[in-house]
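J.: Please see the structure below; I have some questions.
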Amino acid sequence: MNLYSSILMMIALVASSCENDEQKINALFKRRLGVDEAEQITSFMSQGGKMKAKLTAPLMLRYQDSSSRIELPKTLHVDFYDSLLNVESKMDAEFALYYETRKTVFLRDNIKVYNSKGDTLFCKELTWDQSLEKFYTDKPVRINTPDIIMYGEGLSAPQDFKTFEIYKVTNSVIRVQQ
C-alpha cells in the first residue's frame, strides 16, 4: 500500500500544481497588433524619379495587420512640387489615414489646400488619391479665391489645385475690391 499511497500523493500534487491563471494564459495566446511609432516625420514622395511632395508630421503610427495603414493623428503638412521643384500647392490637416495598398489618404478635420494663385479650399473630409494625383470629397466645401467665396457639396481637383470642380454650388459671394 505504501507504493500505492505514494503514487496517489504524487498525482494529487501534480494535479493541484497545474492550476493556471486564466488571464496569463489568455495573454500568451492573445494576438497583439503590430504598431510602429515615429515622431517628427519628414517623408518625400516621388514618381518616375521626380520629387512630387514633402510631408511633415509630429507623429506617425504604422499598423501592420490585415490591411497595412499609416495614421497621422496629430496634424500634417504637405508641400506639392512642380517639375522644377517649385511649391505649387500646400495642404494641412489635423488627421490622416494612408492606405498603402490603395495609395489613398483619407484626411479629416480642419483641412486647407492652397495653390500658388491664392485659392484656398476649406473642408472637413477629403480624399487624396496619390496614383491619380487628385483630391475629392462629397462633403461640404468652401473655396476662397481672390475674387469670390464659393460654398458647395462635393469637389474634385488635381493635386496642384490649379482648377477644381464643385459638384453642387450652394452659395457664392463676390468680393468687392476697394
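The chains in the C-alpha cells are called A, B, ... from first to last as shown; in each chain the residues are counted from 1, and the ligands are counted from 1 in the order shown.
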Taking the DSSP assignment computed from this structure's backbone, write out as a CSV table (one decimal) with N, CA and C atoms, in the first residue's frame all residues of range 20-156 of chain A that belong to helix (DSSP H, G or I).
T.:
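Final output, saved to selection.csv:
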chain,number,residue,atom,x,y,z
A,22,GLU,N,-6.0,32.2,-15.6
A,22,GLU,CA,-6.7,32.3,-16.9
A,22,GLU,C,-6.2,33.5,-17.7
A,23,GLN,N,-6.0,34.7,-17.0
A,23,GLN,CA,-5.6,35.9,-17.6
A,23,GLN,C,-4.2,35.7,-18.2
A,24,LYS,N,-3.3,35.0,-17.5
A,24,LYS,CA,-2.0,34.8,-18.0
A,24,LYS,C,-2.0,33.9,-19.3
A,25,ILE,N,-2.9,32.9,-19.3
A,25,ILE,CA,-3.0,32.0,-20.4
A,25,ILE,C,-3.5,32.8,-21.6
A,26,ASN,N,-4.6,33.6,-21.4
A,26,ASN,CA,-5.1,34.4,-22.5
A,26,ASN,C,-4.1,35.4,-23.0
A,27,ALA,N,-3.3,36.0,-22.1
A,27,ALA,CA,-2.3,36.9,-22.6
A,27,ALA,C,-1.3,36.3,-23.5
A,28,LEU,N,-1.0,35.0,-23.2
A,28,LEU,CA,0.0,34.3,-24.0
A,28,LEU,C,-0.5,34.1,-25.4
A,29,PHE,N,-1.8,33.8,-25.5
A,29,PHE,CA,-2.4,33.5,-26.8
A,29,PHE,C,-3.1,34.6,-27.5
J.: List the neighbours of range 78-85 of chain A out to 12 Å using only C-alpha atoms; skip same-chain residues closer than 3 positions along the sequence, and give me the result as a PyMOL selection string.
T.: chain A and resi 41-57+75+88-94+96+105+107+111-116+128+130+133-134+158-162
J.: Take the residues from that selection and put them in a file with N, CA and C atoms, as a short mmCIF file (atom, residue, chain, number, x, y, z; two decimals), in the first residue's frame.
T.:
data_model
loop_
_atom_site.label_atom_id
_atom_site.label_comp_id
_atom_site.auth_asym_id
_atom_site.auth_seq_id
_atom_site.Cartn_x
_atom_site.Cartn_y
_atom_site.Cartn_z
N ILE A 41 8.24 63.38 -38.27
CA ILE A 41 8.37 62.73 -39.57
C ILE A 41 8.57 63.75 -40.68
N THR A 42 9.49 63.44 -41.57
CA THR A 42 9.62 64.13 -42.85
C THR A 42 9.72 63.04 -43.90
N SER A 43 8.79 63.04 -44.84
CA SER A 43 8.73 61.99 -45.85
C SER A 43 8.62 62.62 -47.23
N PHE A 44 9.34 62.08 -48.19
CA PHE A 44 9.33 62.59 -49.56
C PHE A 44 8.66 61.59 -50.47
N MET A 45 7.80 62.08 -51.37
CA MET A 45 7.12 61.22 -52.33
C MET A 45 7.62 61.56 -53.73
N SER A 46 8.01 60.54 -54.46
CA SER A 46 8.47 60.78 -55.83
C SER A 46 7.77 59.80 -56.77
N GLN A 47 7.68 60.21 -58.03
CA GLN A 47 7.13 59.35 -59.08
C GLN A 47 8.01 59.50 -60.30
N GLY A 48 8.41 58.40 -60.88
CA GLY A 48 9.25 58.43 -62.06
C GLY A 48 10.58 59.14 -61.80
N GLY A 49 11.09 59.05 -60.57
CA GLY A 49 12.35 59.68 -60.24
C GLY A 49 12.26 61.18 -59.98
N LYS A 50 11.06 61.74 -59.97
CA LYS A 50 10.89 63.17 -59.73
C LYS A 50 10.15 63.38 -58.41
N MET A 51 10.67 64.32 -57.61
CA MET A 51 10.04 64.61 -56.34
C MET A 51 8.70 65.29 -56.57
N LYS A 52 7.67 64.76 -55.92
CA LYS A 52 6.32 65.29 -56.07
C LYS A 52 5.81 65.98 -54.82
N ALA A 53 6.24 65.50 -53.64
CA ALA A 53 5.69 66.06 -52.41
C ALA A 53 6.61 65.82 -51.23
N LYS A 54 6.46 66.68 -50.23
CA LYS A 54 7.17 66.54 -48.96
C LYS A 54 6.13 66.64 -47.85
N LEU A 55 6.08 65.62 -47.00
CA LEU A 55 5.14 65.55 -45.91
C LEU A 55 5.88 65.71 -44.59
N THR A 56 5.35 66.52 -43.69
CA THR A 56 5.88 66.62 -42.33
C THR A 56 4.74 66.42 -41.35
N ALA A 57 5.05 65.73 -40.24
CA ALA A 57 4.04 65.46 -39.22
C ALA A 57 4.75 65.19 -37.89
N THR A 75 -1.88 66.23 -36.78
CA THR A 75 -1.63 67.20 -37.85
C THR A 75 -0.60 66.71 -38.86
N GLU A 88 3.86 74.20 -55.73
CA GLU A 88 2.70 74.64 -56.50
C GLU A 88 1.41 74.59 -55.68
N SER A 89 1.41 73.80 -54.61
CA SER A 89 0.26 73.79 -53.70
C SER A 89 0.71 73.23 -52.36
N LYS A 90 -0.13 73.50 -51.34
CA LYS A 90 0.15 73.04 -49.98
C LYS A 90 -1.12 72.50 -49.37
N MET A 91 -0.96 71.61 -48.42
CA MET A 91 -2.12 71.03 -47.75
C MET A 91 -1.83 70.88 -46.26
N ASP A 92 -2.82 71.20 -45.44
CA ASP A 92 -2.74 71.00 -43.99
C ASP A 92 -4.00 70.25 -43.55
N ALA A 93 -3.85 69.39 -42.55
CA ALA A 93 -5.00 68.69 -41.97
C ALA A 93 -4.65 68.29 -40.55
N GLU A 94 -5.68 68.04 -39.77
CA GLU A 94 -5.48 67.62 -38.37
C GLU A 94 -5.23 66.12 -38.26
N ALA A 96 -4.82 62.20 -40.70
CA ALA A 96 -4.76 61.49 -41.98
C ALA A 96 -4.62 60.00 -41.75
N VAL A 105 -5.16 58.60 -49.31
CA VAL A 105 -5.07 59.19 -47.99
C VAL A 105 -6.43 59.80 -47.65
N LEU A 107 -8.28 62.26 -45.31
CA LEU A 107 -7.97 63.41 -44.45
C LEU A 107 -9.23 63.87 -43.77
N ILE A 111 -9.16 70.89 -42.76
CA ILE A 111 -8.34 70.71 -43.96
C ILE A 111 -8.27 72.01 -44.74
N LYS A 112 -7.05 72.34 -45.18
CA LYS A 112 -6.83 73.50 -46.03
C LYS A 112 -5.90 73.08 -47.16
N VAL A 113 -6.28 73.43 -48.39
CA VAL A 113 -5.42 73.21 -49.56
C VAL A 113 -5.25 74.56 -50.22
N TYR A 114 -4.02 74.97 -50.45
CA TYR A 114 -3.68 76.27 -51.03
C TYR A 114 -2.99 76.06 -52.37
N ASN A 115 -3.19 76.97 -53.31
CA ASN A 115 -2.41 76.92 -54.54
C ASN A 115 -1.63 78.21 -54.71
N SER A 116 -0.79 78.25 -55.73
CA SER A 116 0.09 79.42 -55.94
C SER A 116 -0.68 80.66 -56.41
N TRP A 128 -7.26 62.03 -50.84
CA TRP A 128 -6.16 62.34 -51.75
C TRP A 128 -5.72 61.03 -52.40
N GLN A 130 -3.15 59.34 -54.49
CA GLN A 130 -1.78 59.61 -54.93
C GLN A 130 -1.53 59.11 -56.35
N GLU A 133 -3.15 61.61 -58.53
CA GLU A 133 -2.75 62.97 -58.16
C GLU A 133 -3.98 63.88 -58.12
N LYS A 134 -4.95 63.46 -57.30
CA LYS A 134 -6.25 64.12 -57.31
C LYS A 134 -6.84 64.15 -55.89
N PRO A 158 -7.32 68.51 -59.21
CA PRO A 158 -5.99 67.91 -59.33
C PRO A 158 -5.14 68.31 -58.12
N GLN A 159 -4.09 67.55 -57.90
CA GLN A 159 -3.21 67.76 -56.76
C GLN A 159 -2.59 69.16 -56.72
N ASP A 160 -2.35 69.77 -57.88
CA ASP A 160 -1.78 71.13 -57.89
C ASP A 160 -2.82 72.19 -57.55
N PHE A 161 -4.09 71.81 -57.51
CA PHE A 161 -5.22 72.66 -57.15
C PHE A 161 -5.31 73.91 -58.04
N LYS A 162 -4.84 73.79 -59.28
CA LYS A 162 -4.94 74.92 -60.22
C LYS A 162 -6.36 75.08 -60.74
#
J.: Need the shell around Tyr167 in chain A: protein/DNA/RNA residues with any atom at most 12 Å away, counting only C-alpha atoms. Skip same-chain ones fewer than 2 positions apart. Format as a list in words?
T.: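 The filter keeps Tyr136, Thr137, Asp138, Lys139, Pro140, Val141, Met150, Tyr151, Gly152, Glu153, Gly154, Leu155, Ser156, Ala157, Phe164, Glu165, Val169 and Thr170 of chain A.
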J.: Restricting it to C-alpha atoms, dump the selection as a PDB file, in the first residue's frame.
T.:
ATOM      1  CA  TYR A 136     -12.040  64.571 -53.976  1.00  0.00           C
ATOM      2  CA  THR A 137     -14.884  64.696 -51.454  1.00  0.00           C
ATOM      3  CA  ASP A 138     -18.666  64.509 -51.349  1.00  0.00           C
ATOM      4  CA  LYS A 139     -18.824  66.629 -48.171  1.00  0.00           C
ATOM      5  CA  PRO A 140     -19.354  70.410 -47.777  1.00  0.00           C
ATOM      6  CA  VAL A 141     -16.540  72.638 -49.098  1.00  0.00           C
ATOM      7  CA  MET A 150     -17.865  79.613 -53.023  1.00  0.00           C
ATOM      8  CA  TYR A 151     -19.713  77.053 -50.924  1.00  0.00           C
ATOM      9  CA  GLY A 152     -20.772  73.659 -52.144  1.00  0.00           C
ATOM     10  CA  GLU A 153     -21.246  69.945 -51.705  1.00  0.00           C
ATOM     11  CA  GLY A 154     -18.521  67.741 -53.135  1.00  0.00           C
ATOM     12  CA  LEU A 155     -15.384  68.591 -55.053  1.00  0.00           C
ATOM     13  CA  SER A 156     -12.808  67.152 -57.408  1.00  0.00           C
ATOM     14  CA  ALA A 157      -9.445  68.818 -58.053  1.00  0.00           C
ATOM     15  CA  PHE A 164     -11.409  72.497 -59.284  1.00  0.00           C
ATOM     16  CA  GLU A 165     -14.954  71.314 -59.806  1.00  0.00           C
ATOM     17  CA  VAL A 169     -22.634  75.006 -55.604  1.00  0.00           C
ATOM     18  CA  THR A 170     -24.832  76.087 -52.693  1.00  0.00           C
TER      19      THR A 170
END
J.: Taking only C-alpha atoms into account, name the residue in A:Phe106, A:Phe122, A:Phe135, A:Phe95 that is nearest to Leu72 in chain A.
T.: A:Phe95
